[in-house]
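Shown next: query-v8.cif, containing mmCIF, C-alpha atoms and all ligand atoms.
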data_run
#
loop_
_atom_site.group_PDB
_atom_site.id
_atom_site.type_symbol
_atom_site.label_atom_id
_atom_site.label_comp_id
_atom_site.auth_asym_id
_atom_site.auth_seq_id
_atom_site.Cartn_x
_atom_site.Cartn_y
_atom_site.Cartn_z
ATOM 1 C CA MET H 1 18.496 27.294 -1.738
ATOM 2 C CA THR H 2 15.345 29.116 -0.536
ATOM 3 C CA PRO H 3 14.518 28.004 2.997
ATOM 4 C CA LEU H 4 11.135 26.311 3.247
ATOM 5 C CA ILE H 5 11.403 26.006 6.984
ATOM 6 C CA LYS H 6 13.419 27.951 9.549
ATOM 7 C CA VAL H 7 13.594 26.623 13.077
ATOM 8 C CA ARG H 8 15.000 28.956 15.725
ATOM 9 C CA ASN H 9 15.913 28.183 19.350
ATOM 10 C CA LEU H 10 13.304 25.463 19.777
ATOM 11 C CA SER H 11 13.020 24.034 23.268
ATOM 12 C CA LYS H 12 10.850 21.340 24.804
ATOM 13 C CA ARG H 13 10.806 19.916 28.333
ATOM 14 C CA TYR H 14 8.875 16.861 29.407
ATOM 15 C CA ARG H 15 7.857 16.389 32.989
ATOM 16 C CA SER H 16 7.064 12.885 34.090
ATOM 17 C CA HIS H 17 7.150 11.183 37.491
ATOM 18 C CA GLY H 18 8.566 14.332 39.059
ATOM 19 C CA ARG H 19 11.522 14.392 36.648
ATOM 20 C CA GLU H 20 12.229 16.943 33.923
ATOM 21 C CA VAL H 21 13.791 16.003 30.609
ATOM 22 C CA GLN H 22 15.097 18.716 28.301
ATOM 23 C CA ALA H 23 14.147 16.883 25.086
ATOM 24 C CA LEU H 24 14.954 19.870 22.833
ATOM 25 C CA ASP H 25 17.538 22.398 23.892
ATOM 26 C CA ASP H 26 17.918 25.506 21.710
ATOM 27 C CA VAL H 27 17.566 23.738 18.350
ATOM 28 C CA SER H 28 18.006 25.838 15.201
ATOM 29 C CA PHE H 29 18.311 24.863 11.532
ATOM 30 C CA THR H 30 16.881 25.596 8.098
ATOM 31 C CA LEU H 31 15.588 23.247 5.424
ATOM 32 C CA GLY H 32 15.520 24.323 1.796
ATOM 33 C CA GLU H 33 12.997 23.733 -0.956
ATOM 34 C CA ARG H 34 13.627 20.325 -2.548
ATOM 35 C CA GLU H 35 16.119 19.503 0.178
ATOM 36 C CA THR H 36 16.377 16.384 2.316
ATOM 37 C CA LEU H 37 17.708 16.760 5.837
ATOM 38 C CA ALA H 38 18.341 13.687 7.978
ATOM 39 C CA LEU H 39 18.177 13.706 11.765
ATOM 40 C CA VAL H 40 20.430 11.110 13.336
ATOM 41 C CA GLY H 41 21.477 10.494 16.917
ATOM 42 C CA PRO H 42 21.287 7.927 19.678
ATOM 43 C CA SER H 43 18.038 6.796 21.232
ATOM 44 C CA GLY H 44 16.591 9.536 23.425
ATOM 45 C CA SER H 45 18.508 12.386 21.740
ATOM 46 C CA GLY H 46 15.295 14.193 20.725
ATOM 47 C CA LYS H 47 14.763 13.243 17.064
ATOM 48 C CA SER H 48 11.116 12.213 17.402
ATOM 49 C CA THR H 49 10.387 15.131 19.685
ATOM 50 C CA LEU H 50 11.804 17.497 17.068
ATOM 51 C CA SER H 51 9.828 15.941 14.199
ATOM 52 C CA ARG H 52 6.601 15.972 16.276
ATOM 53 C CA ALA H 53 7.193 19.563 17.391
ATOM 54 C CA ILE H 54 7.652 20.691 13.781
ATOM 55 C CA THR H 55 4.471 18.932 12.649
ATOM 56 C CA ARG H 56 2.678 20.407 15.697
ATOM 57 C CA LEU H 57 1.724 17.052 17.135
ATOM 58 C CA ILE H 58 3.211 18.313 20.400
ATOM 59 C CA THR H 59 3.625 21.824 21.791
ATOM 60 C CA VAL H 60 6.993 23.440 22.530
ATOM 61 C CA ASP H 61 8.158 25.604 25.431
ATOM 62 C CA GLY H 62 10.006 28.163 23.337
ATOM 63 C CA GLY H 63 11.395 29.056 19.942
ATOM 64 C CA GLU H 64 10.082 29.842 16.492
ATOM 65 C CA ILE H 65 9.230 27.942 13.339
ATOM 66 C CA CYS H 66 8.774 29.783 10.076
ATOM 67 C CA PHE H 67 7.227 27.522 7.413
ATOM 68 C CA ALA H 68 6.659 28.750 3.850
ATOM 69 C CA GLY H 69 7.065 32.329 5.057
ATOM 70 C CA GLU H 70 4.541 32.013 7.906
ATOM 71 C CA ASP H 71 4.772 31.948 11.677
ATOM 72 C CA TRP H 72 3.857 28.250 11.871
ATOM 73 C CA LEU H 73 3.457 28.087 15.639
ATOM 74 C CA ALA H 74 1.017 31.021 15.621
ATOM 75 C CA LEU H 75 -1.478 29.305 13.285
ATOM 76 C CA LYS H 76 -4.580 27.953 14.969
ATOM 77 C CA GLY H 77 -8.124 26.735 14.417
ATOM 78 C CA ALA H 78 -9.439 26.575 10.877
ATOM 79 C CA GLU H 79 -6.354 28.226 9.439
ATOM 80 C CA LEU H 80 -4.067 25.592 10.972
ATOM 81 C CA ARG H 81 -6.325 22.778 9.737
ATOM 82 C CA ARG H 82 -6.264 24.258 6.250
ATOM 83 C CA LYS H 83 -2.487 24.779 6.096
ATOM 84 C CA ARG H 84 -1.554 21.577 7.856
ATOM 85 C CA ARG H 85 -1.822 19.643 4.634
ATOM 86 C CA TYR H 86 1.374 21.305 3.380
ATOM 87 C CA MET H 87 3.371 19.484 6.064
ATOM 88 C CA GLN H 88 2.707 15.762 6.296
ATOM 89 C CA MET H 89 4.177 13.161 8.609
ATOM 90 C CA VAL H 90 4.778 9.485 7.864
ATOM 91 C CA PHE H 91 5.495 7.261 10.865
ATOM 92 C CA GLN H 92 7.488 4.052 11.311
ATOM 93 C CA ASP H 93 4.235 2.285 12.055
ATOM 94 C CA PRO H 94 1.737 3.376 9.384
ATOM 95 C CA LEU H 95 -1.108 2.323 11.685
ATOM 96 C CA GLU H 96 -0.385 5.479 13.719
ATOM 97 C CA ALA H 97 -1.949 7.422 10.857
ATOM 98 C CA LEU H 98 -4.197 4.806 9.240
ATOM 99 C CA ASN H 99 -7.310 3.208 10.646
ATOM 100 C CA PRO H 100 -6.734 -0.559 10.171
ATOM 101 C CA ARG H 101 -10.404 -1.223 9.460
ATOM 102 C CA ALA H 102 -10.722 1.513 6.835
ATOM 103 C CA THR H 103 -10.283 0.605 3.189
ATOM 104 C CA VAL H 104 -7.193 1.741 1.343
ATOM 105 C CA PHE H 105 -9.509 3.935 -0.731
ATOM 106 C CA SER H 106 -10.923 5.774 2.266
ATOM 107 C CA ALA H 107 -7.483 6.106 3.890
ATOM 108 C CA ILE H 108 -6.206 7.927 0.826
ATOM 109 C CA VAL H 109 -9.337 9.848 -0.120
ATOM 110 C CA ASP H 110 -9.837 11.286 3.389
ATOM 111 C CA PRO H 111 -7.512 14.270 2.980
ATOM 112 C CA ILE H 112 -8.792 14.861 -0.580
ATOM 113 C CA ARG H 113 -12.353 15.009 0.791
ATOM 114 C CA ILE H 114 -11.499 17.034 3.895
ATOM 115 C CA HIS H 115 -9.470 19.633 2.028
ATOM 116 C CA GLY H 116 -11.744 19.649 -1.043
ATOM 117 C CA LEU H 117 -8.823 18.827 -3.350
ATOM 118 C CA ALA H 118 -10.935 17.081 -6.027
ATOM 119 C CA PRO H 119 -14.647 16.749 -6.835
ATOM 120 C CA ARG H 120 -16.301 13.514 -5.657
ATOM 121 C CA ALA H 121 -16.629 12.237 -9.236
ATOM 122 C CA ARG H 122 -12.839 12.188 -9.539
ATOM 123 C CA TRP H 123 -12.006 10.538 -6.210
ATOM 124 C CA ARG H 124 -11.500 6.968 -7.465
ATOM 125 C CA GLN H 125 -9.369 8.206 -10.315
ATOM 126 C CA GLU H 126 -7.269 10.355 -7.937
ATOM 127 C CA VAL H 127 -6.761 7.431 -5.544
ATOM 128 C CA SER H 128 -5.867 5.141 -8.412
ATOM 129 C CA GLN H 129 -3.261 7.657 -9.644
ATOM 130 C CA LEU H 130 -1.801 8.005 -6.154
ATOM 131 C CA LEU H 131 -1.551 4.212 -5.800
ATOM 132 C CA ASP H 132 0.184 4.121 -9.144
ATOM 133 C CA ARG H 133 2.540 6.869 -7.920
ATOM 134 C CA VAL H 134 3.659 4.634 -5.031
ATOM 135 C CA GLN H 135 3.743 1.597 -7.315
ATOM 136 C CA LEU H 136 0.768 -0.261 -5.871
ATOM 137 C CA PRO H 137 -1.948 -1.835 -8.051
ATOM 138 C CA SER H 138 -5.236 0.087 -8.029
ATOM 139 C CA HIS H 139 -7.274 -3.027 -7.100
ATOM 140 C CA LEU H 140 -5.790 -2.717 -3.589
ATOM 141 C CA MET H 141 -8.058 0.262 -2.962
ATOM 142 C CA ASP H 142 -10.990 -1.919 -1.940
ATOM 143 C CA ARG H 143 -8.986 -3.889 0.629
ATOM 144 C CA ALA H 144 -8.947 -3.021 4.309
ATOM 145 C CA VAL H 145 -5.701 -1.532 5.602
ATOM 146 C CA HIS H 146 -5.211 -4.511 7.972
ATOM 147 C CA GLU H 147 -5.427 -6.915 5.004
ATOM 148 C CA ILE H 148 -2.312 -5.621 3.239
ATOM 149 C CA SER H 149 1.360 -6.130 4.068
ATOM 150 C CA GLY H 150 3.490 -3.791 6.179
ATOM 151 C CA GLY H 151 5.388 -2.559 3.126
ATOM 152 C CA GLN H 152 2.165 -1.949 1.215
ATOM 153 C CA ARG H 153 0.768 -0.089 4.220
ATOM 154 C CA GLN H 154 3.839 2.107 4.340
ATOM 155 C CA ARG H 155 3.249 3.005 0.685
ATOM 156 C CA VAL H 156 -0.441 3.685 1.378
ATOM 157 C CA ALA H 157 0.668 6.060 4.171
ATOM 158 C CA LEU H 158 2.957 7.774 1.674
ATOM 159 C CA ALA H 159 0.126 7.979 -0.906
ATOM 160 C CA ARG H 160 -2.139 9.522 1.743
ATOM 161 C CA ALA H 161 0.551 12.094 2.547
ATOM 162 C CA LEU H 162 1.011 12.830 -1.180
ATOM 163 C CA ALA H 163 -2.774 13.249 -1.592
ATOM 164 C CA CYS H 164 -2.420 16.417 0.480
ATOM 165 C CA LYS H 165 -0.008 17.896 -2.090
ATOM 166 C CA PRO H 166 2.444 18.717 0.704
ATOM 167 C CA ARG H 167 5.586 20.828 0.468
ATOM 168 C CA LEU H 168 7.323 18.970 3.296
ATOM 169 C CA ILE H 169 7.101 15.361 4.401
ATOM 170 C CA VAL H 170 8.482 14.496 7.824
ATOM 171 C CA LEU H 171 9.395 10.821 8.072
ATOM 172 C CA ASP H 172 10.025 9.261 11.464
ATOM 173 C CA GLU H 173 11.871 5.989 10.846
ATOM 174 C CA ALA H 174 9.375 5.473 8.046
ATOM 175 C CA VAL H 175 11.514 3.116 5.992
ATOM 176 C CA SER H 176 13.381 1.360 8.814
ATOM 177 C CA ALA H 177 10.952 -1.485 9.293
ATOM 178 C CA LEU H 178 10.946 -2.514 5.635
ATOM 179 C CA ASP H 179 13.036 -5.325 4.202
ATOM 180 C CA VAL H 180 16.191 -4.337 2.355
ATOM 181 C CA SER H 181 14.855 -4.544 -1.213
ATOM 182 C CA LEU H 182 11.607 -2.752 -0.408
ATOM 183 C CA ARG H 183 13.571 -0.114 1.476
ATOM 184 C CA SER H 184 15.735 0.696 -1.531
ATOM 185 C CA HIS H 185 12.630 0.687 -3.728
ATOM 186 C CA ILE H 186 10.931 3.248 -1.459
ATOM 187 C CA ILE H 187 14.075 5.375 -1.278
ATOM 188 C CA ASP H 188 14.231 5.503 -5.111
ATOM 189 C CA LEU H 189 10.545 6.364 -5.190
ATOM 190 C CA MET H 190 10.966 9.171 -2.668
ATOM 191 C CA ILE H 191 13.907 10.648 -4.552
ATOM 192 C CA GLU H 192 11.864 10.529 -7.769
ATOM 193 C CA LEU H 193 8.868 12.182 -6.050
ATOM 194 C CA GLN H 194 11.132 14.896 -4.735
ATOM 195 C CA ARG H 195 12.381 15.643 -8.241
ATOM 196 C CA GLU H 196 8.926 15.590 -9.797
ATOM 197 C CA GLU H 197 6.859 17.290 -7.111
ATOM 198 C CA GLY H 198 9.472 19.620 -5.608
ATOM 199 C CA LEU H 199 9.106 18.076 -2.150
ATOM 200 C CA SER H 200 11.339 18.601 0.865
ATOM 201 C CA TYR H 201 11.954 15.839 3.397
ATOM 202 C CA LEU H 202 12.979 15.902 7.017
ATOM 203 C CA PHE H 203 13.661 12.397 8.088
ATOM 204 C CA VAL H 204 14.645 10.603 11.230
ATOM 205 C CA SER H 205 16.661 7.462 10.746
ATOM 206 C CA HIS H 206 18.940 5.140 12.633
ATOM 207 C CA ASP H 207 20.090 3.716 9.346
ATOM 208 C CA LEU H 208 23.104 5.545 7.961
ATOM 209 C CA ALA H 209 22.844 3.670 4.648
ATOM 210 C CA VAL H 210 19.396 5.245 4.133
ATOM 211 C CA VAL H 211 20.738 8.624 5.258
ATOM 212 C CA LYS H 212 23.597 8.370 2.805
ATOM 213 C CA ALA H 213 21.268 7.446 -0.052
ATOM 214 C CA MET H 214 18.714 10.179 0.598
ATOM 215 C CA ALA H 215 19.895 13.145 2.596
ATOM 216 C CA HIS H 216 21.612 16.197 1.179
ATOM 217 C CA ARG H 217 22.483 17.323 4.698
ATOM 218 C CA THR H 218 22.562 15.559 8.034
ATOM 219 C CA ALA H 219 22.027 16.902 11.546
ATOM 220 C CA VAL H 220 23.460 14.913 14.447
ATOM 221 C CA MET H 221 21.548 15.185 17.713
ATOM 222 C CA GLU H 222 22.740 14.521 21.232
ATOM 223 C CA ALA H 223 20.817 15.227 24.438
ATOM 224 C CA GLY H 224 18.315 17.530 22.759
ATOM 225 C CA ARG H 225 20.850 19.592 20.823
ATOM 226 C CA ILE H 226 22.128 19.583 17.249
ATOM 227 C CA VAL H 227 25.836 18.987 17.764
ATOM 228 C CA GLU H 228 26.777 18.808 14.085
ATOM 229 C CA LEU H 229 25.087 19.742 10.815
ATOM 230 C CA GLY H 230 26.607 19.565 7.351
ATOM 231 C CA PRO H 231 26.528 17.900 3.932
ATOM 232 C CA THR H 232 25.871 14.192 4.512
ATOM 233 C CA GLN H 233 29.066 13.098 2.809
ATOM 234 C CA ASP H 234 31.144 15.395 5.046
ATOM 235 C CA VAL H 235 29.403 14.213 8.212
ATOM 236 C CA ILE H 236 30.035 10.588 7.231
ATOM 237 C CA ASP H 237 33.597 10.984 5.934
ATOM 238 C CA ARG H 238 34.859 13.699 8.293
ATOM 239 C CA PRO H 239 32.695 13.715 11.423
ATOM 240 C CA GLN H 240 33.647 16.594 13.746
ATOM 241 C CA SER H 241 31.704 15.941 16.938
ATOM 242 C CA ASN H 242 32.372 13.019 19.250
ATOM 243 C CA MET H 243 28.757 11.900 18.784
ATOM 244 C CA ALA H 244 29.024 11.848 14.964
ATOM 245 C CA LYS H 245 32.356 9.998 15.240
ATOM 246 C CA ALA H 246 30.757 7.393 17.520
ATOM 247 C CA LEU H 247 27.758 6.911 15.201
ATOM 248 C CA ILE H 248 29.960 6.521 12.125
ATOM 249 C CA ALA H 249 32.364 4.167 13.878
ATOM 250 C CA ALA H 250 29.427 1.913 14.719
ATOM 251 C CA VAL H 251 28.390 1.274 11.106
ATOM 252 C CA PRO H 252 29.912 -1.161 8.621
ATOM 253 C CA ARG H 253 32.840 0.022 6.565
ATOM 254 C CA LEU H 254 30.828 -0.103 3.351
ATOM 255 C CA ILE H 255 28.700 2.901 4.361
ATOM 256 C CA ARG H 256 31.784 5.046 4.728
ATOM 257 C CA SER H 257 33.519 6.450 1.688
ATOM 258 C CA ARG H 258 36.007 4.217 -0.146
ATOM 259 C CA ASN H 259 38.509 7.088 -0.224
ATOM 260 C CA PRO H 260 38.243 8.897 3.088
HETATM 261 N N1 LIG H 301 5.897 11.815 26.320
HETATM 262 C C1 LIG H 301 7.065 11.889 26.978
HETATM 263 N N2 LIG H 301 7.093 12.092 28.316
HETATM 264 C C2 LIG H 301 8.249 12.192 28.983
HETATM 265 N N3 LIG H 301 9.469 12.112 28.412
HETATM 266 C C3 LIG H 301 9.497 11.917 27.075
HETATM 267 C C4 LIG H 301 8.313 11.782 26.287
HETATM 268 N N4 LIG H 301 8.672 11.585 24.987
HETATM 269 C C5 LIG H 301 10.016 11.582 24.963
HETATM 270 N N5 LIG H 301 10.525 11.775 26.202
HETATM 271 C C6 LIG H 301 11.958 11.879 26.561
HETATM 272 O O1 LIG H 301 12.524 12.915 25.766
HETATM 273 C C7 LIG H 301 13.831 12.543 25.332
HETATM 274 C C8 LIG H 301 13.855 12.565 23.799
HETATM 275 O O2 LIG H 301 13.022 11.514 23.311
HETATM 276 P P1 LIG H 301 12.772 11.260 21.755
HETATM 277 O O3 LIG H 301 11.719 10.221 21.638
HETATM 278 O O4 LIG H 301 12.548 12.561 21.086
HETATM 279 O O5 LIG H 301 14.193 10.690 21.319
HETATM 280 P P2 LIG H 301 14.620 9.952 19.962
HETATM 281 O O6 LIG H 301 15.953 10.505 19.611
HETATM 282 O O7 LIG H 301 13.545 10.074 18.972
HETATM 283 O O8 LIG H 301 14.749 8.461 20.469
HETATM 284 P P3 LIG H 301 14.553 7.067 19.639
HETATM 285 O O9 LIG H 301 15.649 7.028 18.630
HETATM 286 O O10 LIG H 301 14.695 6.023 20.703
HETATM 287 O O11 LIG H 301 13.169 7.106 19.048
HETATM 288 C C9 LIG H 301 14.116 11.177 25.929
HETATM 289 O O12 LIG H 301 14.833 11.378 27.138
HETATM 290 C C10 LIG H 301 12.733 10.622 26.229
HETATM 291 O O13 LIG H 301 12.767 9.724 27.305
#
Show me the file's structure as structure tokens.
Amino acid sequence: MTPLIKVRNLSKRYRSHGREVQALDDVSFTLGERETLALVGPSGSGKSTLSRAITRLITVDGGEICFAGEDWLALKGAELRRKRRYMQMVFQDPLEALNPRATVFSAIVDPIRIHGLAPRARWRQEVSQLLDRVQLPSHLMDRAVHEISGGQRQRVALARALACKPRLIVLDEAVSALDVSLRSHIIDLMIELQREEGLSYLFVSHDLAVVKAMAHRTAVMEAGRIVELGPTQDVIDRPQSNMAKALIAAVPRLIRSRNP
């Protein structure tokens, strides 16, 4: 698999109230084209920090990120703004990325307008197609973001990310808050989008059932480090690290393989 992203020796320290926290400690991994990598680990292990460092929402103290053959951390100014669309992030709370008072139309058309991805005359049609892609009716486009349900909002956030024609989508607990049937619906949709659009996903999840359904490989984090990384089925059926063993032991039997 061709690597889309190569992360090498990434480190990040936070300083707050006179204390230092090593949130990322020498983190390295690769993610292939059309691959899904899950990040799992206990609360505070560095998953969100890693996903925000990769999407350049926060700075790092050291290390390298090569994305689509480029030195991602060296990009700045107009070039960064232009290339940023290839790496999108979807959050647990879609309101982190969406203005609640904006209409669904403007939430989705924003990146199309900013990046000049379609002429104005085609905007409504593009938005309607994107809504269709995430299985939402096109009449929702005239509603305000705060007038639709949480699950619909999550799909609008996904449609907005897809509008950018990204190569990688980073999802931070993006499906965790949804009810069980909507969650499986979104997982199916994301797998289908990956097949059709050649997307890669890096996703943070506490939910090993979601990880099992979506991720080709899984990285287990503990105290800012990746302590285990392998095919998801191997990590679930034959965890090697104490942290992976503890995470697996904490989930219901049905997640684990029937024939371990
Ligand atoms: N802005 C910040 N300032 C100071 N410390 C921070 C900040 N953000 C995160 N941390 C600390 O960095 C460490 C990693 O946090 P992070 O949010 O990346 O963990 P996580 O694995 O995503 O946790 P969770 O599963 O609870 O979301 C934790 O010790 C956390 O307290």
Using all atoms listed in the file, the best pick from H:Ala38, H:Met221, H:Leu162, H:Leu31 as closest to H:Leu117 would be H:Leu162
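Nearest residue to H:Arg217, choosing from H:Glu35, H:Pro3, H:Gly151, H:Arg15 and counting all atoms listed in the file: H:Glu35.
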Counting all atoms listed in the file, what is within 9 Å of H:Leu95, bar same-chain residues fewer than 2 positions away, as a PyMOL selection string?
chain H and resi 91-93+97-100+145-146+153-154+157
Among listed residues H:Asp71, H:Glu64, H:Asp25, H:Asp237, nearest H:Gly46 (using all atoms listed in the file):
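So, comparing all the options, the nearest one is H:Asp25.
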Using only C-alpha atoms and all ligand atoms, which residues have at least one atom no more than 8 Å from ligand LIG 301 (chain H)? Output them as number ranges by chain.
H: 13-16, 20-24, 40-50, 204-206, 221, 223-224
Taking (-7.4, -0.8, -2.7) as a centre in this file's frame and 12 Å as the limit, can you find every polymer residue with an atom that close, using all atoms listed in the file, and give them as a PyMOL selection string?
chain H and resi 102-109+124-125+127-132+136-148+152-153+155-156+159
I'd like the residues picked by the PyMOL selection byres (((chain H and resi 171) around 10) and not hetatm) written out as a PDB file with C-alpha atoms, in the coordinates of the input, using the chain letters and numbers from the file.
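The resulting file, result-v9.pdb, is shown below:
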ATOM      1  CA  ALA H  38      18.341  13.687   7.978  1.00  0.00           C
ATOM      2  CA  LEU H  39      18.177  13.706  11.765  1.00  0.00           C
ATOM      3  CA  SER H  48      11.116  12.213  17.402  1.00  0.00           C
ATOM      4  CA  SER H  51       9.828  15.941  14.199  1.00  0.00           C
ATOM      5  CA  GLN H  88       2.707  15.762   6.296  1.00  0.00           C
ATOM      6  CA  MET H  89       4.177  13.161   8.609  1.00  0.00           C
ATOM      7  CA  VAL H  90       4.778   9.485   7.864  1.00  0.00           C
ATOM      8  CA  PHE H  91       5.495   7.261  10.865  1.00  0.00           C
ATOM      9  CA  GLN H  92       7.488   4.052  11.311  1.00  0.00           C
ATOM     10  CA  LEU H 158       2.957   7.774   1.674  1.00  0.00           C
ATOM     11  CA  LEU H 168       7.323  18.970   3.296  1.00  0.00           C
ATOM     12  CA  ILE H 169       7.101  15.361   4.401  1.00  0.00           C
ATOM     13  CA  VAL H 170       8.482  14.496   7.824  1.00  0.00           C
ATOM     14  CA  ASP H 172      10.025   9.261  11.464  1.00  0.00           C
ATOM     15  CA  GLU H 173      11.871   5.989  10.846  1.00  0.00           C
ATOM     16  CA  ALA H 174       9.375   5.473   8.046  1.00  0.00           C
ATOM     17  CA  VAL H 175      11.514   3.116   5.992  1.00  0.00           C
ATOM     18  CA  TYR H 201      11.954  15.839   3.397  1.00  0.00           C
ATOM     19  CA  LEU H 202      12.979  15.902   7.017  1.00  0.00           C
ATOM     20  CA  PHE H 203      13.661  12.397   8.088  1.00  0.00           C
ATOM     21  CA  VAL H 204      14.645  10.603  11.230  1.00  0.00           C
ATOM     22  CA  SER H 205      16.661   7.462  10.746  1.00  0.00           C
TER      23      SER H 205
END
Write out as a list of chain:residue names the residues lying within 12 Å of H:Trp72, counting all atoms listed in the file and excluding same-chain residues fewer than 4 positions away.
H:Leu4, H:Ile5, H:Lys6, H:Val7, H:Arg8, H:Ala53, H:Ile54, H:Thr55, H:Arg56, H:Thr59, H:Gly63, H:Glu64, H:Ile65, H:Cys66, H:Phe67, H:Ala68, H:Lys76, H:Glu79, H:Leu80, H:Arg81, H:Lys83, H:Arg84, H:Tyr86, H:Met87
Can you list, as an mmCIF file with C-alpha atoms, keeping the file's coordinate frame, every protein, DNA or RNA residue that comes within 6 Å of H:Pro231 when you count only C-alpha atoms, leaving out same-chain residues fewer than 2 positions away?
data_model
loop_
_atom_site.group_PDB
_atom_site.id
_atom_site.type_symbol
_atom_site.label_atom_id
_atom_site.label_comp_id
_atom_site.auth_asym_id
_atom_site.auth_seq_id
_atom_site.Cartn_x
_atom_site.Cartn_y
_atom_site.Cartn_z
ATOM 1 C CA HIS H 216 21.612 16.197 1.179
ATOM 2 C CA ARG H 217 22.483 17.323 4.698
ATOM 3 C CA GLN H 233 29.066 13.098 2.809
ATOM 4 C CA ASP H 234 31.144 15.395 5.046
#
Straight-line distance linking atom CA of H:Thr36 with atom CA of H:Val220, stated in Å to one decimal
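Separation of atom CA of H:Thr36 and atom CA of H:Val220: 14.1 Å.
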Given all atoms listed in the file as the counted atoms, nearest of H:Val210, H:Ile236, H:Ile114, H:Ala78 to H:Met190:
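That would be H:Val210, the residue with the smallest distance to H:Met190.
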Proximity to H:Val235 - best of H:Ala250, H:Ala219, H:Glu126, H:Lys165, all atoms listed in the file:
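Counting all atoms listed in the file, the residue closest to H:Val235 is H:Ala219.
Separating atom CA of H:Ala215 from atom CA of H:Thr232 is a distance of 6.4 Å.
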For the file shown, what are the residues hit by the PyMOL selection byres (((chain H and resi 62) around 6) and not hetatm), laid out as a PyMOL selection string?
chain H and resi 10-11+60-61+63
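Counting from atom CA of H:Ala209, the distance to atom CA of H:Glu222 is 19.8 Å.
Distances here use all atoms listed in the file; by that measure, the residue among H:Ala161, H:Val134, H:Leu208, H:Leu73 closest to H:Asp188 is H:Val134.
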Exercise on stretch 236-255 of chain H, axis-aligned box with 6 Å per side, report centre and edge lengths in Å to one decimal, as JSON:
{"center_x": 31.3, "center_y": 7.7, "center_z": 11.3, "size_x": 19.1, "size_y": 29.8, "size_z": 27.9}
